[in-house]
$ cat start.txt   # compact mmCIF, C-alpha atoms and all ligand atoms
# COMPACT_ATOMS: atom_id res chain seq x y z
CA MET U 16 171.76 196.29 -39.51
CA THR U 17 169.32 198.80 -38.04
CA TYR U 18 167.69 201.34 -40.30
CA ASN U 19 166.72 204.06 -37.85
CA ASP U 20 167.10 204.75 -34.16
CA ILE U 21 163.93 203.05 -32.91
CA ASP U 22 164.82 200.69 -30.09
CA PHE U 23 162.54 197.68 -30.54
CA ASP U 24 163.89 195.96 -27.43
CA ASN U 25 161.03 195.53 -24.95
CA LYS U 26 158.51 196.44 -27.63
CA THR U 27 155.79 194.00 -28.66
CA VAL U 28 155.55 193.44 -32.38
CA LEU U 29 152.91 191.48 -34.28
CA VAL U 30 153.81 189.99 -37.65
CA THR U 31 150.76 188.59 -39.43
CA GLY U 32 151.78 186.23 -42.21
CA GLY U 33 154.97 185.67 -40.22
CA ALA U 34 155.39 182.11 -41.48
CA GLY U 35 155.48 183.40 -45.05
CA PHE U 36 158.30 184.89 -47.10
CA ILE U 37 158.36 188.56 -46.11
CA GLY U 38 156.82 188.05 -42.66
CA SER U 39 159.43 185.50 -41.55
CA ASN U 40 162.24 187.77 -42.72
CA LEU U 41 160.72 190.54 -40.61
CA ALA U 42 160.43 188.24 -37.58
CA PHE U 43 164.13 187.35 -37.87
CA TYR U 44 165.09 190.98 -38.41
CA PHE U 45 163.71 191.79 -34.96
CA GLN U 46 165.12 188.68 -33.32
CA ASN U 47 168.60 189.28 -34.73
CA ASN U 48 168.79 193.00 -34.07
CA PHE U 49 166.66 193.37 -30.94
CA PRO U 50 166.91 190.23 -28.81
CA GLU U 51 164.58 191.68 -26.17
CA CYS U 52 161.86 192.46 -28.69
CA ASN U 53 158.70 190.44 -28.08
CA VAL U 54 157.81 189.14 -31.55
CA VAL U 55 154.46 187.45 -32.12
CA VAL U 56 153.88 185.63 -35.40
CA PHE U 57 150.26 185.04 -36.43
CA ASP U 58 149.75 182.86 -39.49
CA LYS U 59 147.29 180.34 -40.87
CA PHE U 60 150.15 178.08 -41.93
CA ARG U 61 149.60 175.66 -44.78
CA SER U 62 147.01 172.93 -44.91
CA GLU U 63 146.50 170.69 -47.88
CA GLU U 64 143.69 172.84 -49.26
CA THR U 65 144.18 174.26 -52.75
CA PHE U 66 142.49 176.88 -54.92
CA SER U 67 141.06 175.94 -58.32
CA ASN U 68 144.36 177.10 -59.89
CA GLY U 69 146.02 174.20 -58.08
CA ASN U 70 148.05 176.39 -55.69
CA LEU U 71 147.90 176.06 -51.91
CA LYS U 72 145.42 178.29 -50.07
CA SER U 73 148.16 179.54 -47.74
CA PHE U 74 151.90 179.20 -48.08
CA GLY U 75 153.04 179.66 -44.46
CA HIS U 76 155.58 176.99 -43.54
CA PHE U 77 157.16 176.17 -40.18
CA LYS U 78 160.55 175.77 -41.85
CA ASN U 79 160.63 179.52 -42.51
CA LEU U 80 160.70 179.92 -38.74
CA ILE U 81 163.34 177.37 -37.76
CA GLY U 82 165.48 179.16 -35.15
CA PHE U 83 162.74 181.66 -34.28
CA LYS U 84 162.51 182.18 -30.53
CA GLY U 85 159.38 184.30 -30.34
CA GLU U 86 155.75 183.29 -30.05
CA VAL U 87 153.81 181.60 -32.84
CA ILE U 88 150.02 181.56 -33.15
CA SER U 89 148.23 179.52 -35.78
CA GLY U 90 145.10 181.36 -36.77
CA ASP U 91 143.06 182.67 -39.67
CA ILE U 92 142.78 186.46 -39.96
CA ASN U 93 139.23 185.92 -41.19
CA CYS U 94 137.96 184.46 -37.94
CA ASP U 95 140.64 184.11 -35.27
CA LEU U 96 141.78 187.67 -34.53
CA GLY U 97 140.16 187.31 -31.10
CA LEU U 98 143.26 185.31 -30.17
CA LEU U 99 145.12 188.62 -30.09
CA LYS U 100 142.89 190.36 -27.59
CA ASN U 101 145.17 189.95 -24.57
CA TYR U 102 148.21 191.48 -26.22
CA LYS U 103 149.28 195.09 -26.34
CA PHE U 104 151.16 195.59 -29.59
CA ASP U 105 153.37 198.59 -30.28
CA TYR U 106 153.72 197.77 -33.99
CA ILE U 107 151.68 195.61 -36.32
CA PHE U 108 153.31 194.41 -39.55
CA HIS U 109 150.42 193.03 -41.53
CA GLN U 110 151.72 190.67 -44.22
CA ALA U 111 149.06 187.94 -44.10
CA ALA U 112 147.05 187.81 -47.30
CA ILE U 113 146.15 185.68 -50.22
CA SER U 114 149.42 186.58 -51.92
CA ASP U 115 148.74 184.54 -55.07
CA THR U 116 147.88 187.05 -57.80
CA THR U 117 146.28 184.36 -59.99
CA VAL U 118 143.52 183.35 -57.54
CA GLY U 119 140.06 183.98 -59.00
CA ASP U 120 137.90 183.44 -55.88
CA GLN U 121 136.78 187.06 -55.53
CA ALA U 122 134.74 186.51 -52.37
CA LEU U 123 137.56 184.90 -50.43
CA MET U 124 140.21 187.29 -51.79
CA ILE U 125 138.31 190.36 -50.63
CA GLN U 126 137.26 188.81 -47.36
CA THR U 127 140.86 187.83 -46.52
CA ASN U 128 142.67 190.87 -47.82
CA VAL U 129 140.15 193.65 -47.13
CA ASN U 130 137.62 192.67 -44.44
CA ALA U 131 140.29 191.22 -42.16
CA PHE U 132 142.44 194.32 -42.62
CA LYS U 133 139.55 196.45 -41.34
CA ASP U 134 139.36 194.27 -38.22
CA LEU U 135 143.11 194.64 -37.73
CA LEU U 136 142.93 198.41 -38.17
CA ASP U 137 140.31 198.49 -35.42
CA ILE U 138 142.58 196.41 -33.19
CA ALA U 139 145.53 198.70 -33.96
CA GLU U 140 143.45 201.75 -33.14
CA GLN U 141 142.24 200.27 -29.85
CA MET U 142 145.76 199.31 -28.80
CA GLY U 143 147.43 202.45 -30.10
CA ALA U 144 149.68 200.30 -32.30
CA ASN U 145 151.38 201.63 -35.40
CA MET U 146 150.19 199.79 -38.51
CA ILE U 147 152.51 198.91 -41.37
CA TYR U 148 150.80 196.76 -43.99
CA ALA U 149 151.61 195.14 -47.33
CA SER U 150 149.98 196.67 -50.35
CA SER U 151 151.18 195.82 -53.86
CA ALA U 152 152.33 197.08 -57.23
CA ALA U 153 149.43 195.00 -58.56
CA THR U 154 147.24 198.00 -57.65
CA TYR U 155 148.71 199.68 -60.76
CA GLY U 156 147.72 196.79 -63.06
CA ASP U 157 147.30 198.20 -66.56
CA SER U 158 148.46 201.69 -65.59
CA GLU U 159 151.55 203.09 -67.24
CA ILE U 160 152.21 205.46 -64.37
CA PHE U 161 153.49 203.96 -61.11
CA SER U 162 152.78 206.66 -58.60
CA ILE U 163 149.99 206.98 -56.05
CA GLY U 164 146.70 207.97 -57.70
CA HIS U 165 147.24 206.05 -60.97
CA GLU U 166 145.84 202.66 -60.01
CA GLN U 167 144.23 200.39 -62.58
CA PRO U 168 144.16 196.86 -61.14
CA ASN U 169 143.61 194.08 -63.66
CA ASN U 170 142.94 191.20 -61.26
CA VAL U 171 141.02 190.78 -58.02
CA TYR U 172 144.25 190.57 -56.05
CA GLY U 173 145.31 194.07 -57.21
CA PHE U 174 141.78 195.31 -56.58
CA SER U 175 141.80 193.94 -53.02
CA LYS U 176 145.10 195.69 -52.27
CA LEU U 177 143.73 198.96 -53.64
CA MET U 178 140.66 198.59 -51.43
CA MET U 179 143.04 198.13 -48.47
CA ASP U 180 144.74 201.39 -49.40
CA ASN U 181 141.39 203.18 -49.65
CA LEU U 182 140.40 201.85 -46.25
CA ALA U 183 143.73 202.92 -44.77
CA ALA U 184 143.15 206.45 -46.13
CA LYS U 185 139.86 206.63 -44.19
CA TYR U 186 141.54 205.50 -40.97
CA ILE U 187 144.43 207.90 -41.47
CA LYS U 188 141.93 210.76 -41.50
CA LYS U 189 140.17 209.74 -38.31
CA SER U 190 142.82 207.99 -36.27
CA ASP U 191 145.83 208.94 -34.15
CA ILE U 192 147.97 205.91 -34.98
CA SER U 193 150.44 206.00 -37.82
CA ILE U 194 149.41 203.87 -40.80
CA VAL U 195 151.72 203.09 -43.69
CA GLY U 196 150.94 200.92 -46.71
CA LEU U 197 153.89 199.60 -48.67
CA ARG U 198 153.33 198.80 -52.31
CA TYR U 199 155.93 196.13 -52.85
CA PHE U 200 156.95 195.55 -56.44
CA ASN U 201 158.39 192.09 -57.32
CA VAL U 202 160.17 190.85 -54.22
CA TYR U 203 162.84 188.12 -54.27
CA GLY U 204 165.16 186.63 -51.66
CA LYS U 205 165.66 184.20 -48.82
CA ARG U 206 162.64 182.27 -47.42
CA GLU U 207 160.50 182.50 -50.54
CA PHE U 208 160.98 178.83 -51.48
CA PHE U 209 157.73 177.68 -49.87
CA LYS U 210 155.70 179.94 -52.15
CA ASN U 211 156.14 177.13 -54.68
CA LYS U 212 155.12 178.28 -58.18
CA THR U 213 154.39 181.79 -56.90
CA ALA U 214 157.99 182.30 -55.74
CA SER U 215 159.96 184.90 -57.67
CA MET U 216 161.29 184.14 -61.12
CA VAL U 217 164.79 184.76 -59.73
CA LEU U 218 164.44 181.58 -57.68
CA GLN U 219 162.57 179.65 -60.37
CA PHE U 220 165.05 180.44 -63.15
CA GLY U 221 167.89 179.71 -60.72
CA GLN U 222 166.45 176.26 -59.98
CA GLN U 223 165.93 175.54 -63.68
CA LEU U 224 169.52 176.43 -64.47
CA LEU U 225 170.92 174.45 -61.53
CA SER U 226 168.96 171.37 -62.51
CA GLY U 227 170.71 171.40 -65.88
CA SER U 228 167.78 172.58 -68.00
CA SER U 229 167.29 175.77 -69.97
CA ALA U 230 165.65 178.79 -68.34
CA LYS U 231 162.01 178.87 -69.53
CA LEU U 232 161.05 182.44 -70.34
CA PHE U 233 157.86 183.87 -71.78
CA GLU U 234 158.23 184.96 -75.41
CA GLY U 235 159.47 188.55 -75.64
CA SER U 236 161.03 188.43 -72.17
CA ASP U 237 163.70 190.97 -73.08
CA LYS U 238 160.82 193.46 -73.32
CA ILE U 239 158.84 192.37 -70.26
CA ARG U 240 160.30 194.64 -67.61
CA ARG U 241 159.50 194.84 -63.92
CA ASP U 242 160.87 196.47 -60.84
CA PHE U 243 162.52 193.60 -58.92
CA ILE U 244 163.25 194.40 -55.31
CA TYR U 245 165.49 192.44 -52.95
CA ILE U 246 164.10 191.34 -49.57
CA GLU U 247 166.66 193.40 -47.60
CA ASP U 248 165.30 196.60 -49.13
CA VAL U 249 161.75 195.50 -48.30
CA ILE U 250 162.78 195.04 -44.67
CA GLN U 251 164.41 198.47 -44.75
CA ALA U 252 161.13 199.97 -45.99
CA ASN U 253 159.13 198.27 -43.22
CA ILE U 254 161.43 199.53 -40.49
CA LYS U 255 161.52 203.04 -41.88
CA ALA U 256 157.73 202.92 -42.17
CA CYS U 257 157.64 202.84 -38.35
CA THR U 258 158.68 206.49 -38.29
CA PRO U 259 157.03 208.02 -41.35
CA GLN U 260 157.00 211.76 -41.75
CA LYS U 261 153.48 211.22 -42.99
CA SER U 262 151.07 208.27 -42.90
CA GLY U 263 150.12 207.07 -46.38
CA VAL U 264 150.87 204.60 -49.14
CA TYR U 265 154.38 204.29 -50.54
CA ASN U 266 156.03 202.38 -53.37
CA VAL U 267 158.77 199.91 -52.53
CA GLY U 268 160.90 199.15 -55.55
CA THR U 269 164.30 200.08 -56.94
CA GLY U 270 162.96 202.68 -59.35
CA ASN U 271 164.60 200.75 -62.22
CA ALA U 272 162.67 198.32 -64.40
CA ARG U 273 164.68 195.29 -65.53
CA SER U 274 163.71 192.52 -67.93
CA PHE U 275 163.12 188.85 -67.15
CA GLN U 276 165.88 188.20 -69.66
CA ASP U 277 168.21 190.31 -67.48
CA ILE U 278 167.44 188.00 -64.52
CA VAL U 279 168.43 184.93 -66.51
CA ASP U 280 171.56 186.62 -67.86
CA VAL U 281 172.70 187.68 -64.36
CA LEU U 282 171.95 184.22 -62.96
CA LYS U 283 173.88 182.51 -65.75
CA LYS U 284 176.86 184.73 -65.01
CA GLU U 285 176.71 184.06 -61.26
CA LEU U 286 176.21 180.31 -61.75
CA HIS U 287 178.76 180.09 -64.58
CA VAL U 288 176.19 178.48 -66.86
CA ASP U 289 176.26 178.90 -70.62
CA ARG U 290 173.05 177.50 -72.09
CA ILE U 291 170.47 178.48 -74.71
CA ASP U 292 167.20 179.74 -73.18
CA GLU U 293 163.76 178.37 -74.03
CA TYR U 294 160.80 180.63 -74.88
CA ILE U 295 157.19 179.64 -74.17
CA PRO U 296 153.87 181.46 -74.83
CA ASN U 297 152.62 183.64 -71.98
CA PRO U 298 149.35 182.13 -70.68
CA PHE U 299 148.51 185.16 -68.52
CA VAL U 300 148.07 187.80 -71.25
CA GLY U 301 145.19 190.10 -70.23
CA GLN U 302 145.95 189.86 -66.51
CA TYR U 303 149.67 190.43 -66.76
CA GLN U 304 151.89 193.42 -66.09
CA PHE U 305 154.36 193.87 -68.96
CA PHE U 306 156.04 196.86 -67.37
CA THR U 307 156.36 198.13 -63.81
CA GLU U 308 158.75 200.70 -62.40
CA ALA U 309 158.20 202.20 -58.98
CA ASP U 310 158.21 205.95 -58.60
CA ILE U 311 159.99 206.09 -55.24
CA SER U 312 160.24 209.85 -54.87
CA LEU U 313 157.62 209.99 -52.07
CA SER U 314 159.12 206.96 -50.33
CA ARG U 315 162.48 208.73 -50.34
CA GLU U 316 161.00 211.95 -49.07
CA PHE U 317 158.63 210.72 -46.37
CA LEU U 318 160.14 207.39 -45.30
CA ASP U 319 163.80 208.12 -45.99
CA TYR U 320 163.76 204.88 -48.01
CA GLU U 321 166.75 204.32 -50.27
CA PRO U 322 167.07 200.96 -52.06
CA LYS U 323 170.54 199.47 -51.73
CA PHE U 324 170.38 196.46 -54.07
CA SER U 325 170.41 196.59 -57.87
CA LEU U 326 169.30 193.38 -59.61
CA GLU U 327 172.96 192.38 -59.94
CA GLU U 328 173.67 193.03 -56.26
CA GLY U 329 170.50 191.31 -55.06
CA ILE U 330 171.13 188.17 -57.09
CA LYS U 331 174.78 188.10 -56.01
CA SER U 332 173.74 188.27 -52.40
CA TYR U 333 171.01 185.59 -52.89
CA ILE U 334 172.98 183.14 -55.03
CA GLU U 335 174.41 180.96 -52.24
CA GLU U 336 170.90 180.46 -50.85
CA ILE U 337 169.61 179.54 -54.32
CA LYS U 338 172.37 176.92 -54.53
CA ARG U 339 171.64 175.68 -51.00
CA ILE U 340 167.94 175.21 -51.82
CA HIS U 341 168.87 173.21 -54.90
CA GLY U 342 171.01 170.98 -52.69
N1 LIG C 1 156.38 188.80 -52.59
C1 LIG C 1 156.01 189.78 -53.38
O1 LIG C 1 156.59 189.98 -54.45
C2 LIG C 1 154.88 190.71 -52.99
C3 LIG C 1 154.59 191.78 -53.83
C4 LIG C 1 153.56 192.64 -53.48
C5 LIG C 1 152.86 192.44 -52.32
N2 LIG C 1 153.13 191.36 -51.53
C6 LIG C 1 152.34 191.19 -50.30
O2 LIG C 1 153.23 191.02 -49.22
C7 LIG C 1 152.64 190.19 -48.23
C8 LIG C 1 153.57 189.03 -47.92
O3 LIG C 1 153.74 188.28 -49.11
P1 LIG C 1 154.74 187.07 -49.25
O4 LIG C 1 155.42 187.20 -50.55
O5 LIG C 1 155.53 186.96 -48.01
O6 LIG C 1 153.70 185.86 -49.40
P2 LIG C 1 153.46 184.57 -48.52
O7 LIG C 1 152.31 183.87 -49.16
O8 LIG C 1 154.73 183.84 -48.32
O9 LIG C 1 153.02 185.18 -47.11
C9 LIG C 1 151.68 185.40 -46.75
C10 LIG C 1 151.42 184.65 -45.46
O10 LIG C 1 150.08 184.89 -45.06
C11 LIG C 1 149.55 183.68 -44.56
N3 LIG C 1 148.09 183.70 -44.72
C12 LIG C 1 147.38 183.57 -45.86
N4 LIG C 1 146.07 183.63 -45.60
C13 LIG C 1 145.96 183.80 -44.25
C14 LIG C 1 144.85 183.90 -43.38
N5 LIG C 1 143.61 183.86 -43.84
N6 LIG C 1 145.08 184.06 -42.06
C15 LIG C 1 146.34 184.09 -41.56
N7 LIG C 1 147.44 183.98 -42.35
C16 LIG C 1 147.23 183.83 -43.69
C17 LIG C 1 150.18 182.58 -45.36
O11 LIG C 1 150.16 181.33 -44.69
C18 LIG C 1 151.57 183.13 -45.58
O12 LIG C 1 152.46 182.66 -44.59
C19 LIG C 1 151.28 189.77 -48.77
O13 LIG C 1 150.32 190.65 -48.24
C20 LIG C 1 151.43 189.98 -50.26
O14 LIG C 1 150.19 190.22 -50.88
C21 LIG C 1 154.13 190.49 -51.84
$ encode --input "start.txt" --output "structure tokens"
Amino acid sequence: MTYNDIDFDNKTVLVTGGAGFIGSNLAFYFQNNFPECNVVVFDKFRSEETFSNGNLKSFGHFKNLIGFKGEVISGDINCDLGLLKNYKFDYIFHQAAISDTTVGDQALMIQTNVNAFKDLLDIAEQMGANMIYASSAATYGDSEIFSIGHEQPNNVYGFSKLMMDNLAAKYIKKSDISIVGLRYFNVYGKREFFKNKTASMVLQFGQQLLSGSSAKLFEGSDKIRRDFIYIEDVIQANIKACTPQKSGVYNVGTGNARSFQDIVDVLKKELHVDRIDEYIPNPFVGQYQFFTEADISLSREFLDYEPKFSLEEGIKSYIEEIKRIHG
């Protein structure tokens, strides 16, 4: 499946965070569709180090890249970008980040997500590479409006992504390369398993149901609604972001908010499970988005982005993988 007429064969593509969920899917997109594309994955991979919230400091896992035939570099975007100096990239897909929205280490979050992005923008500029980078719906935080210009981050993760967008805006003004930020909403799909507790609730509820227990939802989950976006549509957005009509920041969602209860109901239907759900108090109140819904009008207009997967279609397409993971 190709999404536009760019021929990536014989192009050199950098995927930072390529051992993670979205990055590894991008790496395989190029390998599968453009066998002559030179794909370079740069990722810190996982060590045993954890944050004070108990989660790993980086989720990259070699198993996400089993079957990958390109080049892999283990490095930290905070200090090892020099390893890239002998390459000449045509496109940079910057996915590496502290992706865990519950991390409280402000210094490291901003260093990793913002400072390193500036270094990568400089590299992109020097090489004449197009930059496509991951922003986030977390930039909207407490906002009730989900279009560019209405940001109100409520955690340092969302703040760091907004600072990336501000930085990108400065470079867009002064630079010749094309720069596109993609504000992903809640992404789910293949190769997210190694995000552990930060994997999507689609996977987590699926695992709960398959292990014979009840789905554990936060109280009021029929009213907690988010824009859940399937990985295939995120890949589509990245590829279309290589030929934007205009550099800038764009939302990547379906445009339709759905509830966490909907996820469980769809999963139960797909898995043929009939079981009473369990409701638990939400420990994240205060730093939690109770409603998100991407305004994708600009993404449609300037990227030609058109989401193809409703929640029902995304889960249907993902369900065999959810079962495979469960074993
Ligand atoms: N998955 C989502 O729902 C979602 C939503 C909004 C934004 N995003 C953003 O999309 C991008 C990809 O997210 P993901 O879901 O694939 O998460 P992920 O954690 O699976 O991928 C991030 C990758 O970056 C690597 N990494 C972390 N710190 C690094 C460092 N210092 N140097 C080099 N590599 C480092 C990790 O090892 C990991 O492989 C991230 O920028 C994330 O913030 C994701």
$ residues_around --input "start.txt" --residues "Lys331 of chain U" --least-positions-apart "4" --cutoff "9 Å" --atoms "all atoms listed in the file" --output "PyMOL selection string"
chain U and resi 281-282+285+326-327+335
$ residues_near_ligand --input "start.txt" --ligand "ligand LIG 1 (chain C)" --cutoff "8 Å" --atoms "all atoms listed in the file" --output "ChimeraX atom specification"
/U:31-39,57-61,72-76,89-93,109-116,127-128,148-153,172,176,198-203,207,209-210,214-215
$ residues_near_point --input "start.txt" --point "(153.6, 194.6, -33.3)" --cutoff "6 Å" --atoms "all atoms listed in the file" --output "list in words"
Thr27, Val28, Leu29, Phe104, Asp105, Tyr106 and Ile107 of chain U
$ write_last_selection --input "start.txt" --atoms "C-alpha atoms" --output "tab-separated table (two decimals), keeping the file's coordinate frame"
chain	number	residue	atom	x	y	z
U	27	THR	CA	155.79	194.00	-28.66
U	28	VAL	CA	155.55	193.44	-32.38
U	29	LEU	CA	152.91	191.48	-34.28
U	104	PHE	CA	151.16	195.59	-29.59
U	105	ASP	CA	153.37	198.59	-30.28
U	106	TYR	CA	153.72	197.77	-33.99
U	107	ILE	CA	151.68	195.61	-36.32
$ residues_around --input "start.txt" --residues "Gln126 of chain U" --least-positions-apart "5" --cutoff "9 Å" --atoms "all atoms listed in the file" --output "ChimeraX atom specification"
/U:93,121,131-132,175
$ closest_residue --input "start.txt" --among "U:Ser236, U:Ser193, U:Asn170, U:Asn70" --to "Asn145 of chain U" --atoms "all atoms listed in the file"
U:Ser193
$ atom_distance --input "start.txt" --atom1 "atom CA of Gln222 of chain U" --atom2 "atom CA of His341 of chain U"
6.4 Å
$ closest_residue --input "start.txt" --among "U:Asp280, U:Ile138, U:Lys189, U:Gly119" --to "Gly173 of chain U" --atoms "only C-alpha atoms"
U:Gly119
$ closest_residue --input "start.txt" --among "U:Phe77, U:Phe208, U:Phe324, U:Phe66" --to "Leu123 of chain U" --atoms "all atoms listed in the file"
U:Phe66
$ atom_distance --input "start.txt" --atom1 "atom CA of Ile278 of chain U" --atom2 "atom CA of Val217 of chain U"
6.4 Å
$ closest_residue --input "start.txt" --among "U:Gln302, U:Thr307, U:Asn253, U:Ser262" --to "Arg240 of chain U" --atoms "only C-alpha atoms"
U:Thr307
$ closest_residue --input "start.txt" --among "U:Leu286, U:Glu293, U:Ser228, U:Asn68" --to "Asp120 of chain U" --atoms "only C-alpha atoms"
U:Asn68
$ atom_distance --input "start.txt" --atom1 "atom CA of Phe306 of chain U" --atom2 "atom CA of Ala272 of chain U"
7.4 Å
$ closest_residue --input "start.txt" --among "U:Ile187, U:Ile334, U:Ile295, U:Val249" --to "Lys283 of chain U" --atoms "only C-alpha atoms"
U:Ile334
$ residues_near_point --input "start.txt" --point "(169.2, 195.3, -39.8)" --cutoff "8 Å" --atoms "only C-alpha atoms" --output "compact mmCIF listing (two decimals) with C-alpha atoms, in the coordinates of the input"
# COMPACT_ATOMS: atom_id res chain seq x y z
CA MET U 16 171.76 196.29 -39.51
CA THR U 17 169.32 198.80 -38.04
CA TYR U 18 167.69 201.34 -40.30
CA TYR U 44 165.09 190.98 -38.41
CA ASN U 47 168.60 189.28 -34.73
CA ASN U 48 168.79 193.00 -34.07
CA GLN U 251 164.41 198.47 -44.75
$ residues_around --input "start.txt" --residues "Phe83 of chain U" --least-positions-apart "4" --cutoff "8 Å" --atoms "only C-alpha atoms" --output "count of residues only"
3
$ build_atoms --input "start.txt" --residues "segment 326-338 of chain U" --atoms "N, CA, C and O atoms" --output "short mmCIF file (atom, residue, chain, number, x, y, z; two decimals), keeping the file's coordinate frame"
data_model
loop_
_atom_site.label_atom_id
_atom_site.label_comp_id
_atom_site.auth_asym_id
_atom_site.auth_seq_id
_atom_site.Cartn_x
_atom_site.Cartn_y
_atom_site.Cartn_z
N LEU U 326 169.57 194.79 -59.29
CA LEU U 326 169.30 193.38 -59.61
C LEU U 326 170.59 192.57 -59.49
O LEU U 326 170.60 191.46 -58.93
N GLU U 327 171.68 193.10 -59.99
CA GLU U 327 172.96 192.38 -59.94
C GLU U 327 173.38 192.13 -58.49
O GLU U 327 173.79 191.03 -58.13
N GLU U 328 173.24 193.17 -57.66
CA GLU U 328 173.67 193.03 -56.26
C GLU U 328 172.76 192.10 -55.47
O GLU U 328 173.21 191.31 -54.64
N GLY U 329 171.45 192.19 -55.75
CA GLY U 329 170.50 191.31 -55.06
C GLY U 329 170.75 189.85 -55.40
O GLY U 329 170.82 189.00 -54.51
N ILE U 330 170.91 189.56 -56.68
CA ILE U 330 171.13 188.17 -57.09
C ILE U 330 172.46 187.66 -56.54
O ILE U 330 172.56 186.53 -56.04
N LYS U 331 173.47 188.50 -56.56
CA LYS U 331 174.78 188.10 -56.01
C LYS U 331 174.64 187.72 -54.53
O LYS U 331 175.19 186.72 -54.07
N SER U 332 173.87 188.51 -53.82
CA SER U 332 173.74 188.27 -52.40
C SER U 332 172.85 187.03 -52.11
O SER U 332 172.95 186.41 -51.06
N TYR U 333 171.98 186.69 -53.05
CA TYR U 333 171.01 185.59 -52.89
C TYR U 333 171.55 184.26 -53.42
O TYR U 333 171.05 183.19 -53.07
N ILE U 334 172.61 184.31 -54.23
CA ILE U 334 172.98 183.14 -55.03
C ILE U 334 173.35 181.91 -54.19
O ILE U 334 173.00 180.79 -54.54
N GLU U 335 174.01 182.12 -53.06
CA GLU U 335 174.41 180.96 -52.24
C GLU U 335 173.17 180.26 -51.70
O GLU U 335 173.13 179.03 -51.59
N GLU U 336 172.16 181.03 -51.36
CA GLU U 336 170.90 180.46 -50.85
C GLU U 336 170.19 179.69 -51.98
O GLU U 336 169.64 178.61 -51.76
N ILE U 337 170.23 180.25 -53.18
CA ILE U 337 169.61 179.54 -54.32
C ILE U 337 170.31 178.19 -54.53
O ILE U 337 169.66 177.16 -54.74
N LYS U 338 171.62 178.19 -54.38
CA LYS U 338 172.37 176.92 -54.53
C LYS U 338 172.04 175.97 -53.38
O LYS U 338 171.88 174.78 -53.58
#
